[in-house]
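Student: So I've got this file, my_file.txt, and it contains compact mmCIF, C-alpha atoms and all ligand atoms:
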# COMPACT_ATOMS: atom_id res chain seq x y z
CA MET C 1 -41.19 -102.45 29.94
CA ALA C 2 -39.35 -102.70 26.68
CA ARG C 3 -37.77 -99.31 26.07
CA VAL C 4 -34.31 -100.13 24.79
CA THR C 5 -31.20 -98.28 23.69
CA LEU C 6 -30.00 -98.15 20.12
CA ARG C 7 -26.66 -99.57 21.23
CA GLN C 8 -28.21 -102.75 22.58
CA LEU C 9 -30.33 -103.28 19.47
CA LEU C 10 -27.47 -102.68 17.07
CA ASP C 11 -25.15 -104.96 19.05
CA ASP C 12 -27.77 -107.71 18.68
CA ALA C 13 -28.13 -106.94 14.97
CA ALA C 14 -24.35 -107.16 14.50
CA GLU C 15 -24.07 -110.39 16.44
CA HIS C 16 -26.81 -112.01 14.35
CA GLY C 17 -26.07 -110.33 11.02
CA TYR C 18 -29.22 -108.34 10.40
CA GLY C 19 -30.33 -104.71 9.99
CA ILE C 20 -33.12 -102.73 11.65
CA PRO C 21 -35.26 -100.22 9.80
CA ALA C 22 -35.68 -96.94 11.71
CA PHE C 23 -38.99 -95.36 10.79
CA ASN C 24 -39.74 -91.66 11.18
CA VAL C 25 -42.92 -90.85 13.07
CA SER C 26 -44.90 -87.66 13.60
CA THR C 27 -48.40 -89.04 14.15
CA MET C 28 -50.23 -91.65 16.19
CA GLU C 29 -51.06 -93.62 13.04
CA GLN C 30 -47.37 -93.94 12.21
CA VAL C 31 -46.43 -95.04 15.73
CA ILE C 32 -49.12 -97.72 15.67
CA ALA C 33 -48.14 -98.85 12.16
CA VAL C 34 -44.50 -99.40 13.19
CA MET C 35 -45.52 -101.29 16.33
CA GLU C 36 -48.22 -103.45 14.73
CA ALA C 37 -45.76 -104.50 12.05
CA ALA C 38 -43.09 -105.25 14.65
CA ARG C 39 -45.50 -107.37 16.66
CA ALA C 40 -46.73 -109.21 13.58
CA CYS C 41 -43.23 -110.46 12.80
CA ASP C 42 -41.53 -110.29 16.22
CA ALA C 43 -39.07 -107.56 15.23
CA PRO C 44 -37.37 -105.00 17.50
CA ALA C 45 -38.48 -101.46 16.63
CA ILE C 46 -36.79 -98.10 16.22
CA VAL C 47 -39.02 -95.04 15.97
CA GLN C 48 -37.32 -91.76 15.30
CA ALA C 49 -38.52 -88.18 15.43
CA SER C 50 -36.99 -85.24 13.63
CA ARG C 51 -37.05 -81.75 15.08
CA ARG C 52 -39.99 -80.99 12.81
CA ALA C 53 -41.80 -84.10 14.07
CA ARG C 54 -41.27 -82.98 17.65
CA ARG C 55 -42.65 -79.55 16.80
CA TYR C 56 -45.59 -81.03 14.88
CA ALA C 57 -46.77 -83.42 17.59
CA GLY C 58 -45.35 -81.49 20.55
CA ASP C 59 -42.85 -83.10 22.91
CA ILE C 60 -45.43 -84.02 25.52
CA MET C 61 -47.79 -85.63 23.01
CA LEU C 62 -44.94 -87.50 21.35
CA ALA C 63 -43.52 -88.70 24.67
CA ARG C 64 -46.93 -89.94 25.78
CA MET C 65 -47.49 -91.73 22.47
CA ILE C 66 -44.19 -93.53 22.99
CA ASP C 67 -45.16 -94.38 26.58
CA ALA C 68 -48.41 -95.80 25.19
CA ALA C 69 -46.52 -97.84 22.59
CA VAL C 70 -44.20 -99.27 25.25
CA GLU C 71 -47.20 -100.25 27.35
CA THR C 72 -49.33 -101.57 24.50
CA TYR C 73 -46.54 -103.65 22.97
CA PRO C 74 -44.60 -104.90 26.01
CA ASP C 75 -42.96 -107.70 24.04
CA ILE C 76 -41.36 -105.39 21.47
CA PRO C 77 -38.04 -103.78 22.45
CA LEU C 78 -38.54 -100.18 21.34
CA CYS C 79 -35.77 -97.67 20.76
CA VAL C 80 -36.82 -94.02 20.67
CA HIS C 81 -34.33 -91.99 18.68
CA GLN C 82 -33.79 -88.31 17.88
CA ASP C 83 -33.24 -88.06 14.12
CA HIS C 84 -30.75 -85.42 12.88
CA GLY C 85 -30.19 -83.57 16.14
CA ASN C 86 -28.67 -80.20 15.21
CA ASP C 87 -27.13 -79.19 18.53
CA GLU C 88 -26.59 -80.27 22.13
CA GLU C 89 -29.82 -78.67 23.31
CA THR C 90 -31.95 -80.72 20.91
CA CYS C 91 -30.24 -83.92 22.03
CA ALA C 92 -30.48 -83.05 25.73
CA SER C 93 -34.18 -82.22 25.51
CA ALA C 94 -34.84 -85.47 23.63
CA LEU C 95 -33.21 -87.44 26.45
CA GLN C 96 -35.34 -85.52 28.92
CA ALA C 97 -38.45 -86.48 26.94
CA GLY C 98 -37.60 -90.18 27.30
CA PHE C 99 -35.64 -90.89 24.12
CA THR C 100 -33.08 -93.67 24.52
CA SER C 101 -30.87 -92.55 21.66
CA VAL C 102 -29.92 -89.39 19.82
CA MET C 103 -28.32 -88.53 16.55
CA MET C 104 -25.94 -85.60 16.76
CA ASP C 105 -25.64 -84.60 13.12
CA GLY C 106 -22.55 -82.42 13.24
CA SER C 107 -21.96 -82.77 9.51
CA LEU C 108 -24.08 -79.62 9.36
CA ARG C 109 -23.96 -76.52 11.54
CA GLU C 110 -26.70 -75.66 14.07
CA ASP C 111 -28.96 -74.30 11.31
CA GLY C 112 -29.20 -77.78 9.79
CA ARG C 113 -28.17 -76.39 6.38
CA THR C 114 -24.59 -75.16 6.38
CA PRO C 115 -21.93 -77.85 5.93
CA ALA C 116 -19.70 -77.96 9.02
CA ASP C 117 -15.98 -78.68 9.16
CA TYR C 118 -14.48 -81.81 10.69
CA ALA C 119 -13.27 -80.10 13.88
CA TYR C 120 -16.71 -78.69 14.63
CA ASN C 121 -18.32 -82.08 14.00
CA VAL C 122 -15.94 -83.93 16.33
CA ALA C 123 -16.24 -81.37 19.11
CA VAL C 124 -20.03 -81.16 19.22
CA THR C 125 -20.49 -84.92 18.77
CA ARG C 126 -18.00 -85.64 21.53
CA ARG C 127 -19.92 -83.38 23.92
CA VAL C 128 -23.20 -85.13 23.12
CA VAL C 129 -21.55 -88.54 23.58
CA ASP C 130 -20.36 -87.52 27.06
CA LEU C 131 -23.82 -86.30 27.99
CA ALA C 132 -25.76 -89.26 26.56
CA HIS C 133 -23.46 -92.04 27.74
CA ARG C 134 -23.63 -90.72 31.29
CA ALA C 135 -27.38 -91.41 31.07
CA GLY C 136 -26.84 -94.78 29.34
CA ALA C 137 -28.31 -93.46 26.08
CA SER C 138 -26.77 -94.08 22.66
CA VAL C 139 -25.38 -91.66 20.09
CA GLU C 140 -25.32 -91.78 16.32
CA GLY C 141 -22.91 -89.40 14.61
CA GLU C 142 -22.67 -88.47 10.94
CA LEU C 143 -19.66 -87.98 8.77
CA GLY C 144 -20.22 -86.81 5.20
CA LEU C 145 -23.34 -85.07 3.96
CA VAL C 146 -26.48 -86.91 2.99
CA GLY C 147 -26.91 -85.56 -0.53
CA SER C 148 -27.23 -86.73 -4.09
CA LEU C 149 -24.12 -87.95 -5.89
CA GLU C 150 -26.11 -87.86 -9.13
CA GLY C 151 -27.36 -84.27 -8.91
CA LEU C 152 -24.84 -83.08 -6.30
CA GLU C 153 -27.51 -81.39 -4.26
CA ASN C 154 -29.76 -82.34 -1.42
CA GLU C 155 -33.51 -82.74 -1.77
CA ALA C 156 -34.72 -79.20 -1.20
CA GLU C 157 -38.23 -80.31 -0.19
CA ASP C 158 -36.84 -81.79 3.01
CA GLY C 159 -36.26 -79.75 6.15
CA HIS C 160 -32.80 -81.08 6.80
CA GLY C 161 -29.81 -80.79 4.51
CA ALA C 162 -27.35 -78.56 2.76
CA GLU C 163 -28.93 -76.08 0.37
CA ASP C 164 -26.02 -75.27 -1.87
CA ALA C 165 -24.41 -77.49 -4.48
CA LEU C 166 -22.17 -80.16 -3.00
CA SER C 167 -18.95 -81.72 -4.24
CA PRO C 168 -18.48 -85.50 -4.63
CA GLU C 169 -16.05 -85.37 -1.67
CA GLN C 170 -18.79 -83.91 0.51
CA VAL C 171 -21.44 -86.49 -0.32
CA LEU C 172 -19.15 -89.49 0.18
CA THR C 173 -17.66 -90.35 3.57
CA ASP C 174 -13.87 -90.67 3.56
CA PRO C 175 -13.11 -94.11 5.10
CA ASP C 176 -9.88 -92.99 6.80
CA GLU C 177 -11.57 -89.94 8.26
CA ALA C 178 -14.39 -92.23 9.49
CA VAL C 179 -11.92 -94.24 11.58
CA ARG C 180 -10.51 -91.06 13.06
CA PHE C 181 -13.99 -89.72 13.76
CA VAL C 182 -15.07 -92.84 15.63
CA ARG C 183 -11.83 -92.88 17.63
CA GLU C 184 -12.24 -89.23 18.58
CA THR C 185 -15.98 -89.21 19.36
CA LYS C 186 -16.74 -92.78 20.57
CA VAL C 187 -20.15 -92.75 18.87
CA ASP C 188 -22.19 -95.95 19.04
CA ALA C 189 -23.25 -95.77 15.41
CA LEU C 190 -21.99 -93.87 12.41
CA ALA C 191 -24.17 -92.46 9.64
CA ILE C 192 -22.24 -92.50 6.39
CA ALA C 193 -22.87 -90.71 3.12
CA VAL C 194 -23.04 -92.85 -0.02
CA GLY C 195 -24.70 -90.53 -2.52
CA THR C 196 -28.36 -90.81 -1.60
CA SER C 197 -30.49 -87.81 -0.61
CA HIS C 198 -33.57 -87.47 1.59
CA GLY C 199 -37.03 -87.43 0.03
CA ALA C 200 -38.61 -89.13 -2.99
CA TYR C 201 -36.32 -87.77 -5.72
CA LYS C 202 -33.02 -89.50 -5.09
CA PHE C 203 -32.10 -90.82 -8.53
CA SER C 204 -33.40 -90.23 -12.06
CA ARG C 205 -32.57 -93.83 -13.03
CA LYS C 206 -32.13 -97.18 -11.32
CA PRO C 207 -28.98 -96.50 -9.28
CA ASP C 208 -25.71 -98.19 -10.14
CA GLY C 209 -22.28 -97.85 -8.53
CA ALA C 210 -21.71 -94.49 -10.24
CA ILE C 211 -24.46 -92.78 -8.23
CA LEU C 212 -24.97 -95.06 -5.21
CA ALA C 213 -21.53 -95.64 -3.71
CA MET C 214 -21.88 -98.95 -1.88
CA GLN C 215 -18.10 -99.41 -2.14
CA VAL C 216 -17.71 -96.70 0.51
CA ILE C 217 -19.57 -98.94 2.97
CA LYS C 218 -17.32 -101.89 2.16
CA GLU C 219 -14.22 -99.77 2.71
CA ILE C 220 -15.40 -98.43 6.05
CA ASN C 221 -16.46 -101.90 7.16
CA ARG C 222 -13.04 -103.28 6.22
CA ARG C 223 -11.35 -100.74 8.48
CA MET C 224 -13.91 -101.00 11.33
CA PRO C 225 -15.77 -104.33 11.16
CA ALA C 226 -17.24 -103.80 14.64
CA MET C 227 -18.70 -100.36 13.90
CA HIS C 228 -22.46 -100.09 13.44
CA LEU C 229 -23.16 -98.17 10.24
CA VAL C 230 -26.33 -96.23 9.48
CA MET C 231 -27.74 -95.68 6.02
CA HIS C 232 -29.83 -92.53 5.83
CA ALA C 233 -32.16 -91.57 3.00
CA SER C 234 -32.83 -95.25 2.36
CA SER C 235 -36.40 -95.27 1.15
CA SER C 236 -36.81 -97.49 -1.88
CA VAL C 237 -39.55 -95.28 -3.40
CA PRO C 238 -41.45 -98.31 -4.80
CA ARG C 239 -42.87 -97.96 -8.30
CA GLU C 240 -46.23 -99.44 -7.14
CA LEU C 241 -46.64 -96.59 -4.65
CA GLN C 242 -45.71 -93.96 -7.25
CA ASP C 243 -48.33 -95.49 -9.57
CA LEU C 244 -50.97 -95.70 -6.84
CA ILE C 245 -50.46 -92.03 -5.96
CA ASN C 246 -50.50 -90.96 -9.62
CA ARG C 247 -53.59 -93.05 -10.46
CA HIS C 248 -55.54 -91.11 -7.85
CA GLY C 249 -54.70 -87.55 -8.71
CA GLY C 250 -51.10 -87.35 -7.47
CA GLU C 251 -48.30 -85.84 -9.53
CA MET C 252 -45.03 -87.63 -8.94
CA PRO C 253 -42.51 -87.51 -11.77
CA GLN C 254 -40.88 -90.93 -12.17
CA THR C 255 -38.08 -91.46 -9.70
CA TRP C 256 -35.84 -94.10 -8.12
CA GLY C 257 -34.88 -94.76 -4.52
CA VAL C 258 -32.42 -97.15 -2.86
CA PRO C 259 -33.26 -100.71 -3.95
CA VAL C 260 -33.87 -103.15 -1.10
CA GLU C 261 -31.14 -105.45 -2.53
CA GLU C 262 -28.57 -102.66 -2.14
CA ILE C 263 -29.58 -102.24 1.50
CA GLN C 264 -29.27 -106.00 1.98
CA LEU C 265 -25.77 -105.76 0.53
CA GLY C 266 -25.02 -102.96 2.99
CA ILE C 267 -26.22 -105.17 5.85
CA ARG C 268 -23.59 -107.74 4.85
CA TYR C 269 -21.01 -104.96 5.33
CA GLY C 270 -21.95 -103.56 8.73
CA VAL C 271 -25.09 -101.50 8.08
CA ARG C 272 -27.29 -102.04 11.14
CA LYS C 273 -29.76 -99.12 11.06
CA VAL C 274 -31.63 -98.12 7.92
CA ASN C 275 -33.56 -94.83 7.93
CA ILE C 276 -36.91 -94.82 6.17
CA ASP C 277 -39.39 -91.95 6.13
CA THR C 278 -40.45 -91.27 2.53
CA ASP C 279 -41.72 -94.81 1.85
CA CYS C 280 -44.01 -94.56 4.87
CA ARG C 281 -45.29 -91.19 3.71
CA MET C 282 -45.96 -92.61 0.26
CA ALA C 283 -47.75 -95.70 1.59
CA MET C 284 -50.08 -93.49 3.62
CA THR C 285 -50.60 -90.89 0.91
CA GLY C 286 -51.42 -93.56 -1.68
CA GLU C 287 -54.17 -95.05 0.48
CA ILE C 288 -55.61 -91.70 1.52
CA ARG C 289 -55.78 -90.67 -2.15
CA ARG C 290 -57.34 -93.98 -3.14
CA VAL C 291 -60.05 -93.90 -0.47
CA LEU C 292 -60.97 -90.27 -1.09
CA ALA C 293 -60.99 -90.72 -4.87
CA GLN C 294 -63.16 -93.83 -4.65
CA SER C 295 -65.46 -92.44 -1.93
CA PRO C 296 -65.64 -88.68 -2.49
CA GLY C 297 -68.41 -88.40 0.11
CA GLU C 298 -66.23 -89.83 2.89
CA LEU C 299 -65.90 -87.50 5.87
CA ASP C 300 -64.64 -89.80 8.63
CA PRO C 301 -60.84 -89.53 9.01
CA ARG C 302 -60.76 -93.05 10.43
CA ARG C 303 -61.98 -94.34 7.07
CA TYR C 304 -58.87 -93.03 5.28
CA LEU C 305 -56.33 -92.89 8.11
CA GLY C 306 -57.16 -96.49 9.04
CA PRO C 307 -56.29 -97.90 5.58
CA ALA C 308 -53.28 -95.54 5.46
CA ARG C 309 -52.01 -96.93 8.76
CA ALA C 310 -52.54 -100.49 7.53
CA ALA C 311 -50.62 -99.74 4.32
CA MET C 312 -47.72 -98.28 6.29
CA ALA C 313 -47.73 -101.33 8.58
CA ARG C 314 -47.45 -103.63 5.53
CA LEU C 315 -44.50 -101.62 4.28
CA CYS C 316 -42.80 -101.71 7.70
CA ARG C 317 -43.28 -105.45 7.96
CA ASP C 318 -41.77 -105.97 4.49
CA ARG C 319 -38.67 -104.06 5.59
CA TYR C 320 -38.33 -105.90 8.93
CA GLU C 321 -38.44 -109.17 7.02
CA ALA C 322 -36.17 -108.07 4.18
CA PHE C 323 -33.51 -106.79 6.60
CA GLY C 324 -33.61 -109.94 8.77
CA ALA C 325 -35.01 -108.31 11.93
CA ALA C 326 -38.13 -110.49 12.06
CA GLY C 327 -38.04 -113.09 14.82
CA ARG C 328 -35.46 -111.24 16.96
CA ALA C 329 -37.66 -109.24 19.37
CA SER C 330 -38.45 -112.14 21.69
CA ARG C 331 -34.74 -113.06 21.94
CA ILE C 332 -33.67 -109.66 23.28
CA LYS C 333 -33.59 -109.14 27.04
CA VAL C 334 -33.62 -105.41 27.58
CA VAL C 335 -30.70 -103.91 29.52
CA PRO C 336 -31.94 -100.89 31.53
CA MET C 337 -30.30 -97.54 30.81
CA GLY C 338 -28.79 -97.41 34.32
CA GLU C 339 -26.82 -100.55 33.56
CA MET C 340 -25.83 -99.23 30.17
CA ALA C 341 -24.49 -96.10 31.89
CA LYS C 342 -22.32 -98.20 34.21
CA ALA C 343 -21.06 -100.27 31.30
CA TYR C 344 -20.01 -97.11 29.43
CA GLU C 345 -18.22 -95.87 32.51
CA ALA C 346 -16.41 -99.19 32.84
CA GLY C 347 -15.26 -98.86 29.22
CA ALA C 348 -17.32 -101.80 27.93
CA PHE C 349 -18.30 -99.98 24.74
CA GLU C 350 -14.99 -98.47 23.63
CA PRO C 351 -14.71 -98.50 19.81
CA ARG C 352 -12.79 -101.41 18.28
CA PHE C 353 -10.79 -101.33 15.06
CA ALA C 354 -9.51 -103.89 12.56
O1 LIG K 1 -32.88 -90.61 6.32
C1 LIG K 1 -34.04 -90.44 6.63
C2 LIG K 1 -34.37 -89.86 7.94
O2 LIG K 1 -33.21 -89.48 8.65
C3 LIG K 1 -35.20 -90.82 5.75
O3 LIG K 1 -34.82 -90.96 4.42
P1 LIG K 1 -35.90 -91.12 3.23
O4 LIG K 1 -36.31 -89.75 2.81
O5 LIG K 1 -35.17 -91.86 2.15
O6 LIG K 1 -37.03 -91.95 3.77
O1 LIG K 2 -34.24 -86.39 7.78
C1 LIG K 2 -35.35 -86.16 7.36
C2 LIG K 2 -36.54 -86.97 7.71
O2 LIG K 2 -37.12 -87.47 6.54
C3 LIG K 2 -37.50 -86.20 8.59
O3 LIG K 2 -38.34 -85.33 7.87
P1 LIG K 2 -39.12 -84.11 8.61
O4 LIG K 2 -38.09 -83.13 9.08
O5 LIG K 2 -40.06 -83.59 7.58
O6 LIG K 2 -39.86 -84.75 9.80
ZN ZN K 3 -26.88 -84.92 7.93
ZN ZN K 4 -31.59 -88.77 7.49
Here is a file; write its structure as structure tokens.

Tutor:
Amino acid sequence: MARVTLRQLLDDAAEHGYGIPAFNVSTMEQVIAVMEAARACDAPAIVQASRRARRYAGDIMLARMIDAAVETYPDIPLCVHQDHGNDEETCASALQAGFTSVMMDGSLREDGRTPADYAYNVAVTRRVVDLAHRAGASVEGELGLVGSLEGLENEAEDGHGAEDALSPEQVLTDPDEAVRFVRETKVDALAIAVGTSHGAYKFSRKPDGAILAMQVIKEINRRMPAMHLVMHASSSVPRELQDLINRHGGEMPQTWGVPVEEIQLGIRYGVRKVNIDTDCRMAMTGEIRRVLAQSPGELDPRRYLGPARAAMARLCRDRYEAFGAAGRASRIKVVPMGEMAKAYEAGAFEPRFA
């Protein structure tokens, strides 16, 4: 059985200098796409579910789909991660449902919209770390708000994020505060804010250093070279997919995401987990639109969901390869969560600083 913790995967990624894409899933097609792509290039996999994904599929259905993935792809180490947990209850119920990792996003209050202060973030994250590490599970924390440095707002279409206008200080993580946060919470991975926002409309032009603050990553990595960093909102929003969608009746105003080269640069400076949801949605939507436009009489969902799944799998494989994760799955010997729990207790995973 190859269910693995985030901590173990990211430790391997750090040791061998690569990054792992974490794909959001809500449906069976998406779970299969991630796993087929991982198997095709021997990459370890991270699937993550938001609160909305858990509500959409239902916890039991989602948990059983993950069980099925573990059984169907026994050679692929699979981390199951709660994306943007908003409180302890969400993280605890994820662990109960068989997740091996949780994100406690204390950069926002329980409502998932109101920016929280530092003290609140530390306190709630620390409590989740205590709970998760006792079970051997991993914790990702977040410092700084995922939100656009260009427009100084978060993508309103998305379920998670601040609704009001943000200041540049809020959308960029302070490197000194990041060190303090890791020391005080002992998170396994830290999501940092570098000016990108969730959803398709991140930037109105190809991003440069003025709107995508990669220097923040370098600064944090300089202070904490051993810390695993997480880039959220890292879809690249490929032009080909925008065009495909628009050619078949879609209406996407031109937009830019996070270029793959910028993510590769991040990986050189400690980024180990890269969150991607929108690109997968676009790959599927493009194919569904194409099939239905070209075959308006089609009534069999398998005839459009099948190509959509295949398109998402191609995208996932591209990212595994681009981030250097391909070829690593077969080298990882999974450490069971019970052993991880003992190692935490023995202090084996205490944060290290420069
Ligand atoms: O960060 C994400 C999920 O937590 C996904 O970001 P995108 O909207 O860029 O795919
Ligand atoms: O963080 C946001 C992810 O893209 C998840 O989106 P969702 O809440 O619509 O599942
Ligand atoms: Zn957040
Ligand atoms: Zn996110």

Student: Please report as a tab-separated table every residue of chain C lying within 10 Å of ligand LIG 2 (chain K), along with the nearest atom pair and their distance in Å (one decimal), using all atoms listed in the file.

Tutor:
residue	atom	partner	partner_atom	distance
C:Phe23	CA	K:LIG2	O2	9.2
C:Asn24	CA	K:LIG2	C3	6.4
C:Val25	CA	K:LIG2	O6	7.6
C:Ser26	CA	K:LIG2	O6	7.0
C:Gln48	CA	K:LIG2	C3	8.7
C:Ala49	CA	K:LIG2	O6	6.7
C:Ser50	CA	K:LIG2	O6	4.8
C:Arg51	CA	K:LIG2	O4	6.2
C:Arg52	CA	K:LIG2	O4	4.7
C:Ala53	CA	K:LIG2	O6	4.7
C:Arg54	CA	K:LIG2	O6	8.2
C:Arg55	CA	K:LIG2	O6	9.2
C:Tyr56	CA	K:LIG2	O6	8.5
C:Asp83	CA	K:LIG2	O1	6.6
C:His84	CA	K:LIG2	O1	6.3
C:Gly85	CA	K:LIG2	O1	9.7
C:Val146	CA	K:LIG2	O1	9.1
C:Glu155	CA	K:LIG2	C1	9.9
C:Glu157	CA	K:LIG2	O5	8.6
C:Asp158	CA	K:LIG2	O5	5.9
C:Gly159	CA	K:LIG2	O4	4.8
C:His160	CA	K:LIG2	O1	5.6
C:Gly161	CA	K:LIG2	O1	7.9
C:Ser197	CA	K:LIG2	O1	9.3
C:His198	CA	K:LIG2	O2	6.1
C:Gly199	CA	K:LIG2	O2	6.5
C:Ala200	CA	K:LIG2	O2	9.8
C:His232	CA	K:LIG2	O1	7.8
C:Ala233	CA	K:LIG2	O2	7.3
C:Ser234	CA	K:LIG2	O2	9.8
C:Ser235	CA	K:LIG2	O2	9.5
C:Asn275	CA	K:LIG2	O2	8.3
C:Ile276	CA	K:LIG2	O2	7.4
C:Asp277	CA	K:LIG2	O2	5.0
C:Thr278	CA	K:LIG2	O2	6.5
C:Asp279	CA	K:LIG2	O2	9.9
C:Arg281	CA	K:LIG2	O2	9.4

Student: Enumerate, in order of chain and increasing residue number, the residues of chain C with an atom no farther than 6 Å from ligand ZN 3 (chain K), each with its shortest atom pair and distance in Å to one decimal, counting all atoms listed in the file, as JSON lines.

Tutor:
{"residue": "C:Asp105", "atom": "CA", "partner": "K:ZN3", "partner_atom": "ZN", "distance": 5.3}
{"residue": "C:Ser107", "atom": "CA", "partner": "K:ZN3", "partner_atom": "ZN", "distance": 5.6}
{"residue": "C:Leu145", "atom": "CA", "partner": "K:ZN3", "partner_atom": "ZN", "distance": 5.3}
{"residue": "C:Val146", "atom": "CA", "partner": "K:ZN3", "partner_atom": "ZN", "distance": 5.3}

Student: Do a neighbour search on Val129 in chain C at 9 Å with all atoms listed in the file, toss out local chain neighbours closer than 3 positions, and write the hits as a PyMOL selection string.

Tutor: chain C and resi 104+124-126+132-134+137-140+185-188

Student: Show which residues sit within 9 Å of Leu62 in chain C, as a ChimeraX atom specification. Count only C-alpha atoms, and ignore same-chain residues fewer than 2 positions away.

Tutor: /C:26-28,49,53-54,57-60,64-67,97

Student: Would you please work out which residue, of C:Val31, C:Met337, C:Ala178, C:Ala22, is nearest to Val122 in chain C when using only C-alpha atoms?

Tutor: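 Selected residue with least distance to Val122 in chain C: C:Ala178.
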
Student: Out of C:Met231, C:Ile263, C:Leu315, C:Val291, which residue has the shortest atom-to-atom distance to ligand ZN 4 (chain K) when counting all atoms listed in the file?

Tutor: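 Nearest candidate to ligand ZN 4 (chain K) out of C:Met231, C:Ile263, C:Leu315, C:Val291: C:Met231.
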
Student: One decimal, Å: what's the distance from CA of Asn221 in chain C over to CA of Pro168 in chain C, could you say?

Tutor: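 Calculated distance between CA of Asn221 in chain C and CA of Pro168 in chain C is 20.3 Å.
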
Student: Have a look at CA of Thr90 in chain C and CA of Tyr18 in chain C and let me know their distance in Å, one decimal.

Tutor: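 Rounded to one decimal, the two atoms are 29.7 Å apart.
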
Student: Which residues are near Ala283 in chain C? Cut-off 8 Å, only C-alpha atoms, ignore same chain within fewer than 2 positions. Put them as a compact mmCIF listing (two decimals) with C-alpha atoms, keeping the file's coordinate frame.

Tutor:
# COMPACT_ATOMS: atom_id res chain seq x y z
CA LEU C 241 -46.64 -96.59 -4.65
CA ASP C 279 -41.72 -94.81 1.85
CA CYS C 280 -44.01 -94.56 4.87
CA ARG C 281 -45.29 -91.19 3.71
CA THR C 285 -50.60 -90.89 0.91
CA GLY C 286 -51.42 -93.56 -1.68
CA GLU C 287 -54.17 -95.05 0.48
CA ALA C 308 -53.28 -95.54 5.46
CA ALA C 311 -50.62 -99.74 4.32
CA MET C 312 -47.72 -98.28 6.29
CA LEU C 315 -44.50 -101.62 4.28

Student: Choose the residue, out of C:Ala346, C:Met103, C:Met214, C:Leu299, that has the smallest atom-to-atom separation from ligand ZN 4 (chain K); count all atoms listed in the file.

Tutor: C:Met103

Student: Given only C-alpha atoms as the basis, pick out the residue of C:Ala123, C:Ile192, C:Val260, C:Ala116 nearest to Ala162 in chain C.

Tutor: C:Ala116

Student: How far is it from CA of Val271 in chain C to CA of Leu229 in chain C, in Å with one decimal?

Tutor: 4.4 Å

Student: Around the point (-34.3, -106.2, 30.3) (coordinates from the file), which residues reach within 10 Å if we count only C-alpha atoms? Answer as a PyMOL selection string.

Tutor: chain C and resi 1-4+77+332-337+339

Student: Could you give me, as a VMD selection string, the residues that have an atom at most 12 Å away from the point (-57.0, -91.7, -1.3) in the coordinates of the file, using only C-alpha atoms?

Tutor: chain C and resid 241 244 to 250 282 to 298 301 303 to 308 311

Student: Closest to Val179 in chain C among C:Leu166, C:Arg222, C:Ala329, C:Ala193, using all atoms listed in the file?

Tutor: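 Of C:Leu166, C:Arg222, C:Ala329, C:Ala193, the one nearest Val179 in chain C, counting all atoms listed in the file, is C:Arg222.
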
Student: With all atoms listed in the file as the atoms that count, which of C:Val102, C:Ala165, C:Leu143, C:Ile217 lies nearest to Val182 in chain C?

Tutor: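 Of C:Val102, C:Ala165, C:Leu143, C:Ile217, the one nearest Val182 in chain C, counting all atoms listed in the file, is C:Leu143.
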
Student: Just want the 9 Å neighbourhood of Arg109 in chain C, counted on all atoms listed in the file, with same-chain residues fewer than 4 positions away dropped. Output as a PyMOL selection string.

Tutor: chain C and resi 86-87+105+113-117+120-121

Student: Save out the residues we just selected, C-alpha atoms, as a tab-separated table (two decimals), in the coordinates of the input.

Tutor:
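The result, stored in result-v8.tsv:
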chain	number	residue	atom	x	y	z
C	86	ASN	CA	-28.67	-80.20	15.21
C	87	ASP	CA	-27.13	-79.19	18.53
C	105	ASP	CA	-25.64	-84.60	13.12
C	113	ARG	CA	-28.17	-76.39	6.38
C	114	THR	CA	-24.59	-75.16	6.38
C	115	PRO	CA	-21.93	-77.85	5.93
C	116	ALA	CA	-19.70	-77.96	9.02
C	117	ASP	CA	-15.98	-78.68	9.16
C	120	TYR	CA	-16.71	-78.69	14.63
C	121	ASN	CA	-18.32	-82.08	14.00
